[in-house]
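Chemist: Before I ask anything, here is the structure I am working with.
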Amino acid sequence: MKVALLAALALVLSGCSGWHEQAGVGECAKQVDLNDTNVEMAEVDCSSQEAVYRVSSRERRTMCPTGDYLTESSGRSRTNGKTRLCYVLNVQEGDCLKAVNQYFERVACGAGTRKVTKVVDGKSDRALCNGDDAKTYSQPVKTICITN
């Protein structure tokens, strides 16, 4: 019995359980698997190159606030119901991105990449992007322009 318990504990601690620590509001996250069509994120330090997303809110309803959020649904608990994590892009002007499935990955600039041309805090307005791809958010209020 002790051997089985120790083996199970070793699997969990080694990361074989498939569980990843979820980021909290204000913390940064990365996609666990770019090729997975289900959104599954894991917490990562905001200074990391992999920190392409930041949690803007944790909702106990079916929808994120108005905007272009990447959303991840967590399991249902008896007391809280289903929780939805709402992610905004965590990028700066000049960052280059590559779109993979529903995710963006921060990459070196080059052929086949898209560049962040503008980040405007305090305004959520697609017209600010002058025809570029616009990502707008209402919480926090922000507009991010990315070349097509």
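By convention in this document, the chains of the structure tokens carry letters A, B, ... by their order, each chain's residues are numbered from 1, and ligands are numbered from 1 in the order they are shown.
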Mind checking which residues fall within 9 Å of Cys96 of chain A, counting only C-alpha atoms, ignoring those fewer than 4 positions away in the same chain, and posting them as a PyMOL selection string?
Modeler: chain A and resi 91+105-110+113-116+146
Chemist: Just to be explicit: take each residue in the selection above, keep all heavy atoms, and write the result as a PDB file, in the first residue's frame.
Modeler:
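Result file follows (again22.pdb):
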ATOM      1  N   VAL A  91       1.659  41.817 -24.539  1.00  0.00           N
ATOM      2  CA  VAL A  91       2.652  42.155 -25.554  1.00  0.00           C
ATOM      3  C   VAL A  91       2.986  43.643 -25.504  1.00  0.00           C
ATOM      4  O   VAL A  91       2.266  44.427 -24.901  1.00  0.00           O
ATOM      5  CB  VAL A  91       2.157  41.780 -26.973  1.00  0.00           C
ATOM      6  CG1 VAL A  91       1.995  40.274 -27.127  1.00  0.00           C
ATOM      7  CG2 VAL A  91       0.851  42.492 -27.300  1.00  0.00           C
ATOM      8  N   GLU A 105       2.119  33.011 -30.313  1.00  0.00           N
ATOM      9  CA  GLU A 105       3.406  32.653 -29.719  1.00  0.00           C
ATOM     10  C   GLU A 105       4.363  33.803 -30.029  1.00  0.00           C
ATOM     11  O   GLU A 105       4.398  34.294 -31.147  1.00  0.00           O
ATOM     12  CB  GLU A 105       3.889  31.350 -30.370  1.00  0.00           C
ATOM     13  CG  GLU A 105       5.218  30.874 -29.912  1.00  0.00           C
ATOM     14  CD  GLU A 105       5.639  29.598 -30.654  1.00  0.00           C
ATOM     15  OE1 GLU A 105       5.177  29.345 -31.783  1.00  0.00           O
ATOM     16  OE2 GLU A 105       6.453  28.872 -30.081  1.00  0.00           O
ATOM     17  N   ARG A 106       5.122  34.263 -29.031  1.00  0.00           N
ATOM     18  CA  ARG A 106       6.115  35.328 -29.253  1.00  0.00           C
ATOM     19  C   ARG A 106       7.330  34.684 -29.901  1.00  0.00           C
ATOM     20  O   ARG A 106       7.863  33.710 -29.396  1.00  0.00           O
ATOM     21  CB  ARG A 106       6.499  36.000 -27.929  1.00  0.00           C
ATOM     22  CG  ARG A 106       7.360  37.242 -28.137  1.00  0.00           C
ATOM     23  CD  ARG A 106       7.666  37.956 -26.831  1.00  0.00           C
ATOM     24  NE  ARG A 106       6.492  38.635 -26.296  1.00  0.00           N
ATOM     25  CZ  ARG A 106       5.913  38.344 -25.128  1.00  0.00           C
ATOM     26  NH1 ARG A 106       6.395  37.415 -24.357  1.00  0.00           N
ATOM     27  NH2 ARG A 106       4.851  39.005 -24.720  1.00  0.00           N
ATOM     28  N   VAL A 107       7.758  35.245 -31.050  1.00  0.00           N
ATOM     29  CA  VAL A 107       8.869  34.673 -31.814  1.00  0.00           C
ATOM     30  C   VAL A 107       9.787  35.798 -32.301  1.00  0.00           C
ATOM     31  O   VAL A 107       9.435  36.975 -32.224  1.00  0.00           O
ATOM     32  CB  VAL A 107       8.357  33.865 -33.037  1.00  0.00           C
ATOM     33  CG1 VAL A 107       7.558  32.635 -32.603  1.00  0.00           C
ATOM     34  CG2 VAL A 107       7.521  34.740 -33.965  1.00  0.00           C
ATOM     35  N   ALA A 108      10.943  35.417 -32.822  1.00  0.00           N
ATOM     36  CA  ALA A 108      11.844  36.394 -33.448  1.00  0.00           C
ATOM     37  C   ALA A 108      11.164  36.910 -34.712  1.00  0.00           C
ATOM     38  O   ALA A 108      10.483  36.165 -35.416  1.00  0.00           O
ATOM     39  CB  ALA A 108      13.178  35.742 -33.781  1.00  0.00           C
ATOM     40  N   CYS A 109      11.346  38.177 -35.011  1.00  0.00           N
ATOM     41  CA  CYS A 109      10.739  38.769 -36.204  1.00  0.00           C
ATOM     42  C   CYS A 109      11.357  38.154 -37.459  1.00  0.00           C
ATOM     43  O   CYS A 109      12.553  37.861 -37.488  1.00  0.00           O
ATOM     44  CB  CYS A 109      10.942  40.280 -36.208  1.00  0.00           C
ATOM     45  SG  CYS A 109      10.107  41.104 -34.836  1.00  0.00           S
ATOM     46  N   GLY A 110      10.540  37.954 -38.475  1.00  0.00           N
ATOM     47  CA  GLY A 110      11.007  37.382 -39.728  1.00  0.00           C
ATOM     48  C   GLY A 110       9.830  37.062 -40.624  1.00  0.00           C
ATOM     49  O   GLY A 110       8.692  37.452 -40.352  1.00  0.00           O
ATOM     50  N   THR A 113       5.810  36.183 -39.723  1.00  0.00           N
ATOM     51  CA  THR A 113       5.423  36.657 -38.397  1.00  0.00           C
ATOM     52  C   THR A 113       4.544  37.889 -38.520  1.00  0.00           C
ATOM     53  O   THR A 113       4.498  38.536 -39.567  1.00  0.00           O
ATOM     54  CB  THR A 113       6.649  36.995 -37.517  1.00  0.00           C
ATOM     55  OG1 THR A 113       7.368  38.084 -38.092  1.00  0.00           O
ATOM     56  CG2 THR A 113       7.555  35.789 -37.356  1.00  0.00           C
ATOM     57  N   ARG A 114       3.842  38.204 -37.450  1.00  0.00           N
ATOM     58  CA  ARG A 114       2.999  39.392 -37.367  1.00  0.00           C
ATOM     59  C   ARG A 114       3.552  40.274 -36.266  1.00  0.00           C
ATOM     60  O   ARG A 114       3.975  39.776 -35.234  1.00  0.00           O
ATOM     61  CB  ARG A 114       1.559  38.971 -37.085  1.00  0.00           C
ATOM     62  CG  ARG A 114       1.024  38.070 -38.208  1.00  0.00           C
ATOM     63  CD  ARG A 114      -0.305  37.474 -37.864  1.00  0.00           C
ATOM     64  NE  ARG A 114      -1.290  38.542 -37.763  1.00  0.00           N
ATOM     65  CZ  ARG A 114      -2.514  38.345 -37.271  1.00  0.00           C
ATOM     66  NH1 ARG A 114      -2.878  37.162 -36.844  1.00  0.00           N
ATOM     67  NH2 ARG A 114      -3.364  39.355 -37.202  1.00  0.00           N
ATOM     68  N   LYS A 115       3.564  41.579 -36.499  1.00  0.00           N
ATOM     69  CA  LYS A 115       4.194  42.507 -35.564  1.00  0.00           C
ATOM     70  C   LYS A 115       3.153  43.341 -34.821  1.00  0.00           C
ATOM     71  O   LYS A 115       2.180  43.811 -35.410  1.00  0.00           O
ATOM     72  CB  LYS A 115       5.147  43.431 -36.316  1.00  0.00           C
ATOM     73  CG  LYS A 115       6.062  44.221 -35.421  1.00  0.00           C
ATOM     74  CD  LYS A 115       7.136  44.899 -36.252  1.00  0.00           C
ATOM     75  CE  LYS A 115       8.245  45.392 -35.358  1.00  0.00           C
ATOM     76  NZ  LYS A 115       9.408  45.819 -36.106  1.00  0.00           N
ATOM     77  N   VAL A 116       3.369  43.518 -33.512  1.00  0.00           N
ATOM     78  CA  VAL A 116       2.523  44.395 -32.707  1.00  0.00           C
ATOM     79  C   VAL A 116       2.925  45.828 -33.050  1.00  0.00           C
ATOM     80  O   VAL A 116       4.053  46.240 -32.796  1.00  0.00           O
ATOM     81  CB  VAL A 116       2.701  44.120 -31.194  1.00  0.00           C
ATOM     82  CG1 VAL A 116       1.868  45.096 -30.371  1.00  0.00           C
ATOM     83  CG2 VAL A 116       2.339  42.669 -30.864  1.00  0.00           C
ATOM     84  N   ILE A 146      -2.096  44.596 -34.514  1.00  0.00           N
ATOM     85  CA  ILE A 146      -1.144  43.591 -35.014  1.00  0.00           C
ATOM     86  C   ILE A 146      -1.250  43.565 -36.536  1.00  0.00           C
ATOM     87  O   ILE A 146      -2.362  43.495 -37.078  1.00  0.00           O
ATOM     88  CB  ILE A 146      -1.481  42.194 -34.453  1.00  0.00           C
ATOM     89  CG1 ILE A 146      -1.527  42.229 -32.913  1.00  0.00           C
ATOM     90  CG2 ILE A 146      -0.464  41.157 -34.928  1.00  0.00           C
ATOM     91  CD1 ILE A 146      -2.114  40.984 -32.292  1.00  0.00           C
TER      92      ILE A 146
END
Chemist: Excluding same-chain residues fewer than 5 positions from segment 32-44 of chain A, what lies within 12 Å of it counting only C-alpha atoms, as a ChimeraX atom specification?
Modeler: /A:18-27,49-55,69-75,84-87,90,98-106
Chemist: Residues of segment 49-94 of chain A that have any atom at most 12 Å from an atom of segment 123-131 of chain A: could you tabulate them with the shortest-distance atom pair and the distance in Å to one decimal, using only C-alpha atoms, ordered by chain and increasing number, as a tab-separated table?
Modeler:
residue	atom	partner	partner_atom	distance
A:Thr66	CA	A:Ser124	CA	10.0
A:Gly67	CA	A:Ser124	CA	8.6
A:Asp68	CA	A:Ser124	CA	10.6
Chemist: Write the residues of the selection above to a file with N, CA, C and O atoms, as a short mmCIF file (atom, residue, chain, number, x, y, z; two decimals), in the first residue's frame.
Modeler:
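Okay, result37.cif is ready:
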data_model
loop_
_atom_site.label_atom_id
_atom_site.label_comp_id
_atom_site.auth_asym_id
_atom_site.auth_seq_id
_atom_site.Cartn_x
_atom_site.Cartn_y
_atom_site.Cartn_z
N THR A 66 -16.72 42.02 -22.54
CA THR A 66 -16.69 42.30 -23.97
C THR A 66 -15.24 42.46 -24.43
O THR A 66 -14.47 43.21 -23.84
N GLY A 67 -14.86 41.72 -25.49
CA GLY A 67 -13.52 41.84 -26.03
C GLY A 67 -13.03 40.56 -26.68
O GLY A 67 -13.76 39.58 -26.79
N ASP A 68 -11.77 40.60 -27.09
CA ASP A 68 -11.15 39.49 -27.82
C ASP A 68 -10.33 38.60 -26.88
O ASP A 68 -9.17 38.30 -27.15
#
Chemist: Which value, in Å to one decimal, gives the distance between atom CA of Thr143 of chain A and atom CA of Val120 of chain A?
Modeler: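 Pair atom CA of Thr143 of chain A / atom CA of Val120 of chain A returns 5.1 Å.
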Chemist: Which one is closest to Met63 of chain A: A:Gln31, A:Asn148, A:Thr83, A:Ser48? Count only C-alpha atoms.
Modeler: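 Nearest to Met63 of chain A: A:Thr83.
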Chemist: Please report the interatomic distance between atom CA of Val119 of chain A and atom CA of Ser57 of chain A in Å with one decimal.
Modeler: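 If I compute the distance from atom CA of Val119 of chain A to atom CA of Ser57 of chain A, I get 19.5 Å.
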Chemist: Write out as a short mmCIF file (atom, residue, chain, number, x, y, z; two decimals) with C-alpha atoms, in the first residue's frame each polymer residue whose atoms come within 10 Å of Gly122 of chain A, counting only C-alpha atoms; drop sequence neighbours fewer than 6 positions from it.
Modeler:
data_model
loop_
_atom_site.label_atom_id
_atom_site.label_comp_id
_atom_site.auth_asym_id
_atom_site.auth_seq_id
_atom_site.Cartn_x
_atom_site.Cartn_y
_atom_site.Cartn_z
CA TYR A 137 -10.56 44.50 -24.36
CA SER A 138 -12.94 46.10 -21.86
CA GLN A 139 -11.17 44.84 -18.71
CA PRO A 140 -8.57 46.25 -18.62
CA VAL A 141 -9.54 48.75 -21.32
CA LYS A 142 -6.95 48.24 -24.05
CA THR A 143 -6.45 48.07 -27.82
#
Chemist: In terms of the shortest atom-to-atom distance over only C-alpha atoms, which of A:Val88, A:Cys28, A:Thr62, A:Asp45 is closest to Thr136 of chain A?
Modeler: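 Comparing A:Val88, A:Cys28, A:Thr62, A:Asp45 against Thr136 of chain A, the winner is A:Val88.
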Chemist: Name the residues of segment 72-145 of chain A that fall into strand (DSSP E) according to DSSP on the backbone, using the chain letters and numbers of this document, as a ChimeraX atom specification.
Modeler: /A:72-77,81-89,96-100,103-107,114-121,133-138,141-145
Chemist: So how many Å separate atom CA of Gly94 of chain A and atom CA of Pro65 of chain A, to one decimal?
Modeler: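 So the answer is 26.8 Å.
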